[in-house]
>>> print(open('model.txt').read())   # compact mmCIF, C-alpha atoms
# COMPACT_ATOMS: atom_id res chain seq x y z
CA MET E 1 0.00 0.00 0.00
CA MET E 2 1.10 3.55 -0.72
CA GLU E 3 -0.17 6.87 0.58
CA LEU E 4 -1.34 8.84 -2.45
CA ALA E 5 -2.41 12.45 -2.89
CA GLY E 6 -3.02 14.77 -5.79
CA TRP E 7 -0.98 17.84 -6.69
CA GLY E 8 -2.67 19.86 -3.96
CA ARG E 9 -1.41 17.29 -1.41
CA TYR E 10 -4.85 17.15 0.16
CA PRO E 11 -6.43 14.74 0.86
CA SER E 12 -4.19 11.66 0.98
CA HIS E 13 -5.38 8.05 1.06
CA PRO E 14 -3.74 4.61 1.11
CA SER E 15 -4.05 2.57 -2.08
CA GLN E 16 -2.47 -0.44 -3.68
CA VAL E 17 -0.52 0.73 -6.74
CA ILE E 18 0.00 -1.43 -9.82
CA GLY E 19 2.06 -0.38 -12.81
CA PRO E 20 1.70 -2.34 -16.06
CA SER E 21 4.33 -1.53 -18.66
CA THR E 22 2.29 -2.30 -21.78
CA PRO E 23 -1.34 -1.75 -22.83
CA ALA E 24 -1.73 -5.50 -23.32
CA ALA E 25 -1.30 -6.12 -19.57
CA ILE E 26 -4.12 -3.83 -18.50
CA PRO E 27 -7.32 -5.72 -19.49
CA ALA E 28 -6.49 -8.71 -17.27
CA LEU E 29 -5.78 -6.38 -14.35
CA MET E 30 -9.08 -4.62 -14.94
CA ALA E 31 -10.94 -7.93 -14.83
CA SER E 32 -9.26 -9.06 -11.61
CA CYS E 33 -9.59 -5.88 -9.56
CA SER E 34 -12.40 -3.80 -8.14
CA GLY E 35 -12.28 -0.36 -6.60
CA LEU E 36 -9.75 0.59 -9.28
CA VAL E 37 -9.04 3.77 -11.20
CA ALA E 38 -6.25 4.78 -13.58
CA ARG E 39 -3.70 7.43 -12.63
CA GLY E 40 -1.39 9.33 -14.95
CA ASN E 41 1.20 11.71 -13.54
CA GLY E 42 -0.81 12.59 -10.45
CA ARG E 43 -1.56 16.20 -11.47
CA ALA E 44 -5.26 16.11 -10.62
CA TYR E 45 -5.36 18.35 -7.57
CA GLY E 46 -7.63 16.34 -5.27
CA ASP E 47 -8.66 12.69 -5.02
CA ALA E 48 -9.76 11.94 -8.60
CA ALA E 49 -6.76 9.72 -9.41
CA ILE E 50 -6.70 7.68 -6.19
CA GLY E 51 -8.38 4.31 -6.45
CA GLU E 52 -10.80 3.24 -3.74
CA THR E 53 -8.61 0.16 -3.23
CA THR E 54 -6.27 -0.04 -6.26
CA THR E 55 -4.61 2.63 -8.40
CA LEU E 56 -3.38 1.67 -11.84
CA THR E 57 -0.54 3.91 -12.99
CA THR E 58 -0.31 4.40 -16.76
CA LEU E 59 3.14 6.01 -16.91
CA GLY E 60 4.54 2.83 -18.49
CA LEU E 61 2.32 3.45 -21.51
CA ASP E 62 4.64 6.08 -22.92
CA ARG E 63 5.04 5.31 -26.62
CA ILE E 64 4.08 7.33 -29.67
CA ARG E 65 2.68 4.76 -32.07
CA ALA E 66 2.32 6.72 -35.31
CA PHE E 67 2.55 10.24 -36.67
CA ASP E 68 1.53 11.54 -40.09
CA PRO E 69 3.09 14.98 -40.69
CA SER E 70 0.98 15.46 -43.81
CA THR E 71 -2.21 15.54 -41.72
CA GLY E 72 -0.93 16.18 -38.18
CA ARG E 73 -2.66 13.01 -36.97
CA ILE E 74 -0.82 11.28 -34.13
CA ARG E 75 -1.59 8.04 -32.29
CA LEU E 76 -0.04 7.64 -28.87
CA GLU E 77 -0.40 5.66 -25.66
CA ALA E 78 -2.27 7.15 -22.73
CA GLY E 79 0.76 7.54 -20.45
CA VAL E 80 2.70 9.84 -22.81
CA LEU E 81 3.43 13.12 -21.04
CA LEU E 82 2.33 16.31 -22.76
CA ALA E 83 5.87 17.59 -22.13
CA ASP E 84 7.33 14.72 -24.15
CA LEU E 85 4.78 15.17 -26.93
CA LEU E 86 5.69 18.87 -27.17
CA SER E 87 9.40 18.08 -27.34
CA VAL E 88 8.76 15.80 -30.33
CA VAL E 89 6.19 17.72 -32.37
CA THR E 90 6.91 21.41 -31.74
CA PRO E 91 10.29 21.41 -33.56
CA ARG E 92 8.44 19.81 -36.49
CA GLY E 93 5.95 22.67 -36.73
CA PHE E 94 3.00 21.22 -34.81
CA PHE E 95 1.28 22.01 -31.53
CA PRO E 96 -1.49 20.24 -29.58
CA PRO E 97 -4.93 21.70 -30.30
CA VAL E 98 -5.57 22.35 -26.59
CA VAL E 99 -3.21 22.41 -23.60
CA PRO E 100 -3.92 22.95 -19.89
CA GLY E 101 -1.83 25.06 -17.49
CA THR E 102 0.86 22.41 -16.99
CA LYS E 103 2.71 20.20 -19.43
CA PHE E 104 3.36 17.51 -16.81
CA VAL E 105 0.11 15.67 -17.48
CA THR E 106 -0.56 12.52 -19.49
CA ILE E 107 -2.64 12.26 -22.65
CA GLY E 108 -5.01 9.87 -20.89
CA GLY E 109 -5.44 12.32 -18.03
CA MET E 110 -6.11 15.15 -20.47
CA ILE E 111 -8.93 13.14 -22.05
CA ALA E 112 -10.37 11.91 -18.74
CA SER E 113 -10.46 15.50 -17.44
CA ASP E 114 -11.39 17.00 -20.82
CA VAL E 115 -8.82 19.68 -20.10
CA HIS E 116 -9.48 23.17 -21.38
CA GLY E 117 -6.97 25.84 -22.23
CA LYS E 118 -6.75 29.50 -23.05
CA ASN E 119 -8.54 28.82 -26.35
CA HIS E 120 -11.67 27.05 -25.12
CA HIS E 121 -13.88 29.90 -26.30
CA ARG E 122 -12.60 29.25 -29.83
CA ASN E 123 -11.55 25.60 -30.02
CA GLY E 124 -13.33 23.77 -27.21
CA GLY E 125 -11.77 21.22 -24.88
CA PHE E 126 -9.11 18.62 -25.59
CA GLY E 127 -11.74 15.92 -25.95
CA GLU E 128 -13.22 17.57 -29.03
CA HIS E 129 -9.96 16.84 -30.85
CA VAL E 130 -9.80 13.14 -29.95
CA GLU E 131 -10.62 11.20 -33.09
CA GLU E 132 -10.65 7.76 -31.49
CA LEU E 133 -9.41 5.93 -28.42
CA MET E 134 -8.98 2.39 -27.13
CA LEU E 135 -10.64 1.73 -23.78
CA ALA E 136 -10.14 -1.22 -21.41
CA LEU E 137 -13.45 -2.13 -19.77
CA PRO E 138 -14.03 -3.69 -16.33
CA ASP E 139 -14.65 -7.18 -17.75
CA GLY E 140 -11.20 -7.29 -19.39
CA SER E 141 -12.35 -6.52 -22.91
CA THR E 142 -11.10 -3.60 -25.00
CA ILE E 143 -13.23 -1.43 -27.22
CA LYS E 144 -12.58 1.22 -29.86
CA CYS E 145 -14.49 4.47 -29.43
CA SER E 146 -14.84 7.17 -32.07
CA ARG E 147 -17.45 9.53 -33.47
CA ASP E 148 -18.73 6.66 -35.62
CA LYS E 149 -18.15 3.66 -33.37
CA ASN E 150 -19.42 3.65 -29.76
CA PRO E 151 -19.83 7.43 -29.80
CA GLU E 152 -21.85 7.51 -26.58
CA LEU E 153 -19.08 5.77 -24.66
CA LEU E 154 -16.52 8.08 -26.23
CA MET E 155 -18.38 11.14 -24.97
CA ALA E 156 -18.80 9.61 -21.52
CA THR E 157 -15.07 8.87 -21.35
CA ILE E 158 -14.18 12.46 -22.33
CA GLY E 159 -14.40 14.27 -19.02
CA GLY E 160 -15.46 11.04 -17.28
CA MET E 161 -12.54 11.12 -14.81
CA GLY E 162 -11.47 7.57 -15.65
CA LEU E 163 -14.77 6.10 -14.45
CA THR E 164 -15.71 4.32 -17.70
CA GLY E 165 -12.48 2.33 -18.00
CA THR E 166 -8.77 2.77 -18.60
CA ILE E 167 -7.73 4.66 -21.72
CA LEU E 168 -4.99 2.70 -23.51
CA GLU E 169 -4.22 4.92 -26.49
CA ALA E 170 -5.75 7.74 -28.48
CA SER E 171 -5.52 9.47 -31.83
CA ILE E 172 -5.66 13.26 -32.05
CA ARG E 173 -5.00 15.82 -34.75
CA LEU E 174 -2.32 18.42 -34.09
CA ARG E 175 -2.35 22.06 -35.17
CA PRO E 176 0.33 23.24 -37.67
CA VAL E 177 2.31 26.29 -36.50
CA GLU E 178 4.94 28.39 -38.26
CA THR E 179 7.06 29.06 -35.15
CA GLY E 180 7.35 28.13 -31.50
CA TRP E 181 6.69 31.71 -30.38
CA MET E 182 3.50 33.44 -29.26
CA ARG E 183 2.59 36.96 -30.35
CA GLN E 184 1.10 38.38 -27.18
CA LYS E 185 -0.67 41.62 -26.40
CA THR E 186 -1.27 42.66 -22.79
CA THR E 187 -4.21 44.80 -21.72
CA VAL E 188 -4.65 46.32 -18.26
CA ALA E 189 -8.08 46.03 -16.62
CA THR E 190 -8.59 48.29 -13.61
CA ASN E 191 -11.39 46.23 -12.03
CA LEU E 192 -13.52 43.12 -12.52
CA ASP E 193 -16.10 44.78 -14.80
CA ASP E 194 -13.27 45.97 -17.03
CA ALA E 195 -11.63 42.53 -16.98
CA LEU E 196 -14.79 40.73 -18.10
CA ARG E 197 -15.33 43.29 -20.86
CA VAL E 198 -11.74 43.00 -22.13
CA LEU E 199 -11.84 39.20 -22.01
CA HIS E 200 -15.06 39.22 -24.02
CA GLU E 201 -13.54 41.59 -26.58
CA ALA E 202 -10.41 39.41 -26.70
CA GLY E 203 -12.61 36.49 -27.75
CA THR E 204 -11.55 37.09 -31.35
CA ALA E 205 -8.01 36.04 -30.37
CA THR E 206 -7.17 32.33 -30.42
CA TYR E 207 -5.85 32.44 -26.87
CA SER E 208 -6.84 34.72 -24.01
CA VAL E 209 -6.42 34.58 -20.25
CA ALA E 210 -6.41 37.03 -17.36
CA TRP E 211 -4.17 37.10 -14.33
CA ILE E 212 -6.30 38.61 -11.60
CA ASP E 213 -5.16 40.32 -8.41
CA CYS E 214 -7.35 38.47 -5.93
CA LEU E 215 -6.34 40.70 -3.02
CA ALA E 216 -7.29 44.03 -4.63
CA ARG E 217 -10.25 45.66 -2.92
CA GLY E 218 -12.69 48.52 -3.31
CA ALA E 219 -12.65 50.24 -6.68
CA SER E 220 -9.74 48.01 -7.76
CA LEU E 221 -11.50 44.73 -6.98
CA GLY E 222 -10.60 42.26 -9.72
CA ARG E 223 -7.91 44.36 -11.39
CA SER E 224 -6.26 42.20 -14.00
CA LEU E 225 -3.79 41.76 -16.81
CA ILE E 226 -5.33 40.17 -19.91
CA PHE E 227 -2.97 38.27 -22.21
CA ALA E 228 -4.30 37.66 -25.74
CA ALA E 229 -2.09 35.70 -28.11
CA GLU E 230 -1.67 33.94 -31.43
CA HIS E 231 0.93 31.51 -32.67
CA ALA E 232 3.56 33.78 -34.20
CA THR E 233 4.18 33.64 -37.94
CA HIS E 234 7.53 33.88 -39.74
CA GLN E 235 6.69 37.50 -40.45
CA ASP E 236 6.07 38.17 -36.75
CA LEU E 237 9.44 36.67 -35.91
CA GLU E 238 11.25 38.74 -38.51
CA SER E 239 9.66 42.01 -37.36
CA LEU E 240 9.65 41.50 -33.58
CA ARG E 241 12.64 39.25 -32.90
CA PRO E 242 14.90 39.05 -35.97
CA GLY E 243 17.44 36.27 -35.87
CA ALA E 244 15.62 34.27 -33.18
CA GLU E 245 15.43 30.49 -33.41
CA PRO E 246 12.03 29.68 -35.01
CA PHE E 247 11.41 26.71 -32.72
CA PRO E 248 13.04 27.27 -29.33
CA SER E 249 13.22 24.18 -27.14
CA SER E 250 11.32 23.76 -23.90
CA ARG E 251 12.83 25.73 -21.05
CA PRO E 252 13.88 23.62 -18.05
CA GLY E 253 12.89 24.96 -14.67
CA ARG E 254 15.53 27.16 -13.10
CA LEU E 255 14.00 27.30 -9.65
CA SER E 256 12.69 24.69 -7.25
CA VAL E 257 11.07 24.67 -3.84
CA PRO E 258 13.22 22.18 -1.87
CA VAL E 259 11.19 22.08 1.36
CA ASP E 260 7.67 22.74 2.58
CA LEU E 261 7.41 26.42 3.39
CA PRO E 262 5.99 27.50 6.77
CA SER E 263 2.29 28.28 6.70
CA PHE E 264 2.87 31.93 7.58
CA THR E 265 4.88 32.49 4.36
CA LEU E 266 1.73 33.20 2.37
CA ASN E 267 0.08 36.14 4.09
CA ARG E 268 -1.60 39.33 2.96
CA LEU E 269 1.68 41.25 3.02
CA SER E 270 3.71 38.75 0.95
CA VAL E 271 0.97 38.00 -1.59
CA SER E 272 0.06 41.68 -1.95
CA ALA E 273 3.71 42.56 -2.57
CA PHE E 274 3.99 39.89 -5.26
CA ASN E 275 0.72 40.96 -6.88
CA GLU E 276 1.73 44.61 -6.95
CA MET E 277 5.07 43.78 -8.58
CA TYR E 278 3.49 41.42 -11.11
CA TYR E 279 0.79 43.96 -12.00
CA ARG E 280 3.27 46.79 -12.51
CA ILE E 281 5.65 44.71 -14.62
CA GLY E 282 2.77 43.49 -16.78
CA ALA E 283 1.36 46.99 -17.16
CA MET E 284 4.71 48.19 -18.51
CA LYS E 285 4.32 45.78 -21.45
CA ALA E 286 0.70 46.66 -22.17
CA GLY E 287 -0.55 48.06 -25.45
CA TYR E 288 1.87 46.65 -27.99
CA PRO E 289 2.51 43.11 -29.28
CA HIS E 290 5.65 41.24 -28.31
CA LEU E 291 6.89 37.67 -28.66
CA VAL E 292 6.79 35.18 -25.80
CA HIS E 293 8.33 31.69 -25.74
CA TRP E 294 5.54 29.09 -25.92
CA ASP E 295 6.61 27.41 -22.68
CA PRO E 296 6.11 30.29 -20.17
CA TYR E 297 3.02 31.51 -22.02
CA PHE E 298 1.14 28.25 -21.62
CA PHE E 299 2.86 26.81 -18.53
CA PRO E 300 3.98 29.67 -16.27
CA LEU E 301 4.33 27.61 -13.07
CA ASP E 302 6.16 24.67 -14.65
CA GLY E 303 9.36 26.69 -14.40
CA ILE E 304 9.25 26.25 -10.60
CA GLY E 305 9.91 22.69 -9.48
CA ASP E 306 7.64 21.34 -6.71
CA TRP E 307 5.84 24.65 -6.45
CA ASN E 308 3.04 22.98 -4.51
CA ARG E 309 5.36 23.04 -1.48
CA ILE E 310 4.86 26.81 -1.29
CA TYR E 311 1.58 26.12 0.48
CA GLY E 312 3.16 24.12 3.29
CA ARG E 313 2.84 20.62 4.64
CA ARG E 314 -0.97 20.65 4.88
CA GLY E 315 -1.27 21.39 1.16
CA PHE E 316 -3.73 23.57 -0.71
CA LEU E 317 -7.09 23.52 -2.44
CA GLN E 318 -7.51 24.73 -5.96
CA TYR E 319 -10.96 26.21 -6.26
CA GLN E 320 -12.12 26.42 -9.87
CA CYS E 321 -15.67 27.34 -10.74
CA VAL E 322 -17.43 28.39 -13.92
CA ILE E 323 -20.29 30.88 -13.88
CA PRO E 324 -22.70 31.43 -16.82
CA THR E 325 -22.06 34.72 -18.60
CA ALA E 326 -25.24 36.47 -17.48
CA LYS E 327 -24.42 36.06 -13.79
CA ALA E 328 -20.63 36.06 -13.90
CA GLN E 329 -20.08 39.67 -12.87
CA GLY E 330 -22.09 39.48 -9.64
CA VAL E 331 -20.99 36.02 -8.47
CA LEU E 332 -17.30 36.44 -9.32
CA GLY E 333 -17.34 39.80 -7.58
CA THR E 334 -18.76 38.17 -4.45
CA ILE E 335 -16.13 35.42 -4.54
CA LEU E 336 -13.28 37.91 -4.94
CA GLU E 337 -14.61 40.10 -2.12
CA ARG E 338 -14.78 37.12 0.25
CA VAL E 339 -11.33 35.86 -0.70
CA SER E 340 -9.77 39.32 -0.57
CA HIS E 341 -11.21 39.87 2.89
CA ARG E 342 -9.61 36.62 4.08
CA GLY E 343 -6.26 37.82 2.74
CA THR E 344 -4.35 34.58 2.03
CA ALA E 345 -5.30 33.87 -1.56
CA SER E 346 -3.19 32.60 -4.39
CA PHE E 347 -0.46 34.66 -6.01
CA LEU E 348 -1.54 33.19 -9.37
CA ALA E 349 -5.28 33.56 -9.84
CA VAL E 350 -6.68 33.03 -13.33
CA LEU E 351 -9.81 34.18 -15.14
CA LYS E 352 -10.80 32.74 -18.53
CA GLN E 353 -13.72 32.75 -20.92
CA LEU E 354 -15.18 29.34 -21.78
CA GLY E 355 -17.49 27.99 -24.44
CA PRO E 356 -19.87 25.00 -24.21
CA SER E 357 -18.67 21.41 -23.75
CA HIS E 358 -19.97 18.04 -24.91
CA GLY E 359 -18.42 15.36 -22.65
CA GLY E 360 -20.67 13.64 -20.13
CA LEU E 361 -19.07 15.22 -17.05
CA SER E 362 -17.02 17.89 -18.81
CA PHE E 363 -16.55 21.04 -16.77
CA PRO E 364 -16.84 23.98 -19.19
CA LEU E 365 -20.03 25.84 -19.98
CA GLU E 366 -20.51 29.18 -21.67
CA GLY E 367 -19.29 31.72 -19.19
CA PHE E 368 -16.24 32.67 -17.15
CA THR E 369 -14.05 30.45 -15.00
CA LEU E 370 -12.09 31.64 -11.98
CA THR E 371 -9.23 29.62 -10.48
CA LEU E 372 -7.78 30.26 -7.02
CA ASP E 373 -5.21 28.37 -4.95
CA LEU E 374 -6.02 28.49 -1.23
CA PRO E 375 -3.95 27.00 1.62
CA VAL E 376 -5.68 24.23 3.56
CA GLY E 377 -6.91 25.52 6.90
CA ASP E 378 -9.77 24.67 9.24
CA ASP E 379 -11.49 27.98 8.47
CA MET E 380 -11.18 27.50 4.72
CA PHE E 381 -13.84 24.80 4.35
CA PRO E 382 -16.81 26.86 5.65
CA LEU E 383 -15.78 29.70 3.32
CA LEU E 384 -15.71 27.38 0.31
CA ASP E 385 -19.06 25.87 1.26
CA ASP E 386 -20.51 29.39 1.18
CA LEU E 387 -18.92 30.04 -2.21
CA ASP E 388 -20.34 26.75 -3.51
CA ARG E 389 -23.85 27.94 -2.70
CA SER E 390 -23.34 31.09 -4.74
CA VAL E 391 -21.97 29.06 -7.67
CA VAL E 392 -24.90 26.61 -7.61
CA GLU E 393 -27.50 29.39 -7.36
CA ALA E 394 -25.97 30.98 -10.47
CA GLY E 395 -26.15 27.73 -12.45
CA GLY E 396 -22.39 27.13 -12.28
CA ARG E 397 -20.25 24.20 -11.21
CA LEU E 398 -16.83 23.11 -9.94
CA TYR E 399 -14.09 21.33 -11.91
CA LEU E 400 -13.74 17.68 -10.89
CA ALA E 401 -10.05 17.52 -11.79
CA LYS E 402 -9.37 20.26 -9.22
CA ASP E 403 -11.90 19.24 -6.57
CA ALA E 404 -11.00 17.80 -3.17
CA ARG E 405 -13.97 18.69 -0.97
CA GLN E 406 -17.24 19.65 -2.66
CA SER E 407 -20.39 17.94 -1.43
CA PRO E 408 -22.50 15.47 -3.43
CA GLU E 409 -25.32 18.05 -3.42
CA THR E 410 -23.11 20.73 -4.99
CA PHE E 411 -21.84 18.25 -7.58
CA GLU E 412 -25.27 16.95 -8.58
CA ALA E 413 -26.67 20.46 -8.90
CA GLY E 414 -23.90 21.42 -11.31
CA TYR E 415 -23.86 18.37 -13.58
CA PRO E 416 -27.29 17.67 -15.10
CA GLY E 417 -25.89 14.83 -17.22
CA LEU E 418 -24.98 12.78 -14.15
CA SER E 419 -27.96 10.40 -14.34
CA HIS E 420 -27.15 9.43 -17.93
CA PHE E 421 -23.48 8.99 -17.03
CA ARG E 422 -24.46 6.61 -14.23
CA ASP E 423 -26.60 4.64 -16.70
CA ILE E 424 -23.61 4.23 -19.01
CA ARG E 425 -21.44 3.11 -16.10
CA ARG E 426 -23.99 0.46 -15.18
CA SER E 427 -24.32 -0.73 -18.77
CA ILE E 428 -20.59 -1.52 -19.05
CA GLY E 429 -20.26 -2.99 -15.56
CA ALA E 430 -18.21 -0.09 -14.19
CA ALA E 431 -20.47 0.66 -11.21
CA GLY E 432 -18.83 -0.87 -8.14
CA ARG E 433 -15.79 -1.99 -10.15
CA ILE E 434 -14.17 1.27 -11.24
CA SER E 435 -14.14 3.77 -8.42
CA SER E 436 -11.92 6.54 -7.18
CA ARG E 437 -11.95 8.37 -3.87
CA LEU E 438 -13.64 11.22 -5.74
CA SER E 439 -16.37 9.02 -7.21
CA THR E 440 -17.09 7.46 -3.79
CA ARG E 441 -17.15 10.86 -2.08
CA LEU E 442 -19.56 12.29 -4.64
CA GLY E 443 -21.65 9.18 -5.20
CA ILE E 444 -20.91 8.89 -8.90
>>> encode(input="model.txt", output="structure tokens")
Amino acid sequence: MMELAGWGRYPSHPSQVIGPSTPAAIPALMASCSGLVARGNGRAYGDAAIGETTTLTTLGLDRIRAFDPSTGRIRLEAGVLLADLLSVVTPRGFFPPVVPGTKFVTIGGMIASDVHGKNHHRNGGFGEHVEELMLALPDGSTIKCSRDKNPELLMATIGGMGLTGTILEASIRLRPVETGWMRQKTTVATNLDDALRVLHEAGTATYSVAWIDCLARGASLGRSLIFAAEHATHQDLESLRPGAEPFPSSRPGRLSVPVDLPSFTLNRLSVSAFNEMYYRIGAMKAGYPHLVHWDPYFFPLDGIGDWNRIYGRRGFLQYQCVIPTAKAQGVLGTILERVSHRGTASFLAVLKQLGPSHGGLSFPLEGFTLTLDLPVGDDMFPLLDDLDRSVVEAGGRLYLAKDARQSPETFEAGYPGLSHFRDIRRSIGAAGRISSRLSTRLGI
């Protein structure tokens, strides 16, 4: 048995861990185990990738099976890290159609979470770009799922948090790019109303995201920096950074957090100082386009090794909600006011615009999503319960890949497709056989 936790380091649970090295070994393991769920690189923040009794790690499934540069179609095993995929395809002029905020996730985990990126408002979630996948079912059989073959099971698996079976491999279509640089334009928003307006106007850009100062108060509540970007062309490179390498390699992290920091490290004074510096530096670059390396644009925290230790030994909770557009301004304002009043919020809070989703338990809906990292503390849970009520009343929901503590009532209110998802689980024999700590906690 091993003690397992997600990236937030809360909660932790004991689980038997098994690690097959080939896809062929997985079906027999699926048939012989119950209370099992697959786990990629452990970057789900809460308890989604911890099996009720057994956790099946897919990191041994790390091979790229085929790649057609004429179409951008690639077939790869579920345990391939996004970081490794990027190192192979980016120098060849391709980029994944959707990436989350870290490259240290597996392809299988990206499908199971239906990860969304800074381009969801334009290109949807990662699952929309999966052409087919191979799935190991609880009875030991394997099945191919695509838009034409077993489409209902495909859509249940996209965003299904590993609860329909273990993804063995998948085929996706990559996006061609002319360079490995991003042409970014920064816009300053002085408050939340301004930030939502600018993000909406930036919807014509392929990528857009806002860093939000979650400790600003009063007239400055929700002040933000909005980063809109496109993949840079050869012409962009020649005019903005002549002589630069067209496809710069991934940048290794230069910093690391070697120990758990004391809980008092993150306080209003330290976070406010960081936010003020970050805001001022960003504002200096506002108003004109400039080139940014693809790595820090998409994965800003990956440059800091073990950054989750910043929040101390008890860990942290990542609170990510999405609020429908019509009610976003009021509810997000309430959340920011409550968090700002508490004074210990994340130094990297993110606001994005989302479009609709199609997976059975996929998180996005048309609206705005706010992400906050909050240190675990006894007084934090009542605050988040209060915020949950505001989210539910507005017709919003919480992201399962980030969740570690929401109630079954909050979950059921936010996911109207849950009943159908349960029916699919029963039809393939997954109920009672495939289960994670998250699925048990929420009654999925």
>>> residues_near_point(input="model.txt", point="(1.7, 44.3, -12.1)", cutoff="10 Å", atoms="all atoms listed in the file", output="MDAnalysis selection string")
chainID E and resid 188 211:213 223:225 273:285
>>> atom_distance(input="model.txt", atom1="atom CA of Pro375 of chain E", atom2="atom CA of Phe363 of chain E")
23.1 Å
>>> closest_residue(input="model.txt", among="E:Leu387, E:Leu361, E:Leu196, E:Ile226", to="Val209 of chain E", atoms="only C-alpha atoms")
E:Ile226
>>> closest_atom_pairs(input="model.txt", of="segment 265-374 of chain E", to="segment 98-114 of chain E", cutoff="10 Å", atoms="only C-alpha atoms", output="tab-separated table")
residue	atom	partner	partner_atom	distance
E:Asp295	CA	E:Lys103	CA	8.8
E:Pro296	CA	E:Gly101	CA	9.9
E:Tyr297	CA	E:Gly101	CA	9.3
E:Phe298	CA	E:Gly101	CA	6.0
E:Phe299	CA	E:Thr102	CA	5.1
E:Pro300	CA	E:Gly101	CA	7.5
E:Leu301	CA	E:Thr102	CA	7.4
E:Asp302	CA	E:Thr102	CA	6.2
E:Gly303	CA	E:Thr102	CA	9.9
E:Ser357	CA	E:Asp114	CA	9.0
E:His358	CA	E:Asp114	CA	9.6
E:Gly359	CA	E:Asp114	CA	7.4
E:Gly360	CA	E:Asp114	CA	9.9
E:Leu361	CA	E:Ser113	CA	8.6
E:Ser362	CA	E:Asp114	CA	6.0
E:Phe363	CA	E:Asp114	CA	7.7
E:Pro364	CA	E:Asp114	CA	9.0
>>> write_last_selection(input="model.txt", atoms="C-alpha atoms", output="PDB file, keeping the file's coordinate frame")
ATOM      1  CA  ASP E 295       6.610  27.410 -22.680  1.00  0.00           C
ATOM      2  CA  PRO E 296       6.110  30.290 -20.170  1.00  0.00           C
ATOM      3  CA  TYR E 297       3.020  31.510 -22.020  1.00  0.00           C
ATOM      4  CA  PHE E 298       1.140  28.250 -21.620  1.00  0.00           C
ATOM      5  CA  PHE E 299       2.860  26.810 -18.530  1.00  0.00           C
ATOM      6  CA  PRO E 300       3.980  29.670 -16.270  1.00  0.00           C
ATOM      7  CA  LEU E 301       4.330  27.610 -13.070  1.00  0.00           C
ATOM      8  CA  ASP E 302       6.160  24.670 -14.650  1.00  0.00           C
ATOM      9  CA  GLY E 303       9.360  26.690 -14.400  1.00  0.00           C
ATOM     10  CA  SER E 357     -18.670  21.410 -23.750  1.00  0.00           C
ATOM     11  CA  HIS E 358     -19.970  18.040 -24.910  1.00  0.00           C
ATOM     12  CA  GLY E 359     -18.420  15.360 -22.650  1.00  0.00           C
ATOM     13  CA  GLY E 360     -20.670  13.640 -20.130  1.00  0.00           C
ATOM     14  CA  LEU E 361     -19.070  15.220 -17.050  1.00  0.00           C
ATOM     15  CA  SER E 362     -17.020  17.890 -18.810  1.00  0.00           C
ATOM     16  CA  PHE E 363     -16.550  21.040 -16.770  1.00  0.00           C
ATOM     17  CA  PRO E 364     -16.840  23.980 -19.190  1.00  0.00           C
TER      18      PRO E 364
END
>>> closest_residue(input="model.txt", among="E:Thr334, E:Gln406, E:Thr22, E:Thr233", to="Leu192 of chain E", atoms="only C-alpha atoms")
E:Thr334
>>> residues_around(input="model.txt", residues="Leu261 of chain E", least_positions_apart="2", cutoff="7 Å", atoms="only C-alpha atoms", output="MDAnalysis selection string")
chainID E and resid 259 263 265 309:312
>>> residues_around(input="model.txt", residues="segment 37-48 of chain E", least_positions_apart="4", cutoff="6 Å", atoms="all atoms listed in the file", output="PyMOL selection string")
chain E and resi 6-8+55-59+105-106+109+166+401-404+434-438
>>> closest_residue(input="model.txt", among="E:Ser249, E:Ala5, E:Ala205, E:Ile26", to="Val88 of chain E", atoms="only C-alpha atoms")
E:Ser249
>>> atom_distance(input="model.txt", atom1="atom CA of Ile64 of chain E", atom2="atom CA of Ser32 of chain E")
27.8 Å
>>> closest_residue(input="model.txt", among="E:Phe264, E:Phe368, E:Trp181, E:Phe247", to="Glu230 of chain E", atoms="all atoms listed in the file")
E:Trp181
>>> closest_residue(input="model.txt", among="E:Ile424, E:Val391, E:Leu174, E:Val115", to="Glu152 of chain E", atoms="only C-alpha atoms")
E:Ile424
>>> closest_residue(input="model.txt", among="E:Ala431, E:Leu221, E:Ile172, E:Val80", to="Phe67 of chain E", atoms="all atoms listed in the file")
E:Ile172
>>> residues_around(input="model.txt", residues="Ser70 of chain E", least_positions_apart="5", cutoff="12 Å", atoms="all atoms listed in the file", output="ChimeraX atom specification")
/E:92-94,173-176
>>> write_last_selection(input="model.txt", atoms="C-alpha atoms", output="PDB file, in the frame of the given file")
ATOM      1  CA  ARG E  92       8.440  19.810 -36.490  1.00  0.00           C
ATOM      2  CA  GLY E  93       5.950  22.670 -36.730  1.00  0.00           C
ATOM      3  CA  PHE E  94       3.000  21.220 -34.810  1.00  0.00           C
ATOM      4  CA  ARG E 173      -5.000  15.820 -34.750  1.00  0.00           C
ATOM      5  CA  LEU E 174      -2.320  18.420 -34.090  1.00  0.00           C
ATOM      6  CA  ARG E 175      -2.350  22.060 -35.170  1.00  0.00           C
ATOM      7  CA  PRO E 176       0.330  23.240 -37.670  1.00  0.00           C
TER       8      PRO E 176
END
>>> atom_distance(input="model.txt", atom1="atom CA of Pro20 of chain E", atom2="atom CA of Gly60 of chain E")
6.4 Å
>>> axis_aligned_box(input="model.txt", around="segment 149-152 of chain E", padding_each_side="8 Å", output="JSON")
{"center_x": -20.0, "center_y": 5.6, "center_z": -30.0, "size_x": 19.7, "size_y": 19.9, "size_z": 22.8}
>>> residues_around(input="model.txt", residues="Leu291 of chain E", least_positions_apart="6", cutoff="12 Å", atoms="all atoms listed in the file", output="list in words")
Thr179, Gly180, Trp181, Met182, Arg183, Gln184, Lys185, Thr186, Phe227, Ala228, Ala229, Glu230, His231, Ala232, Thr233, His234, Gln235, Asp236, Leu237, Glu238, Ser239, Leu240, Arg241, Pro242, Ala244, Pro246, Lys285 and Tyr297 of chain E
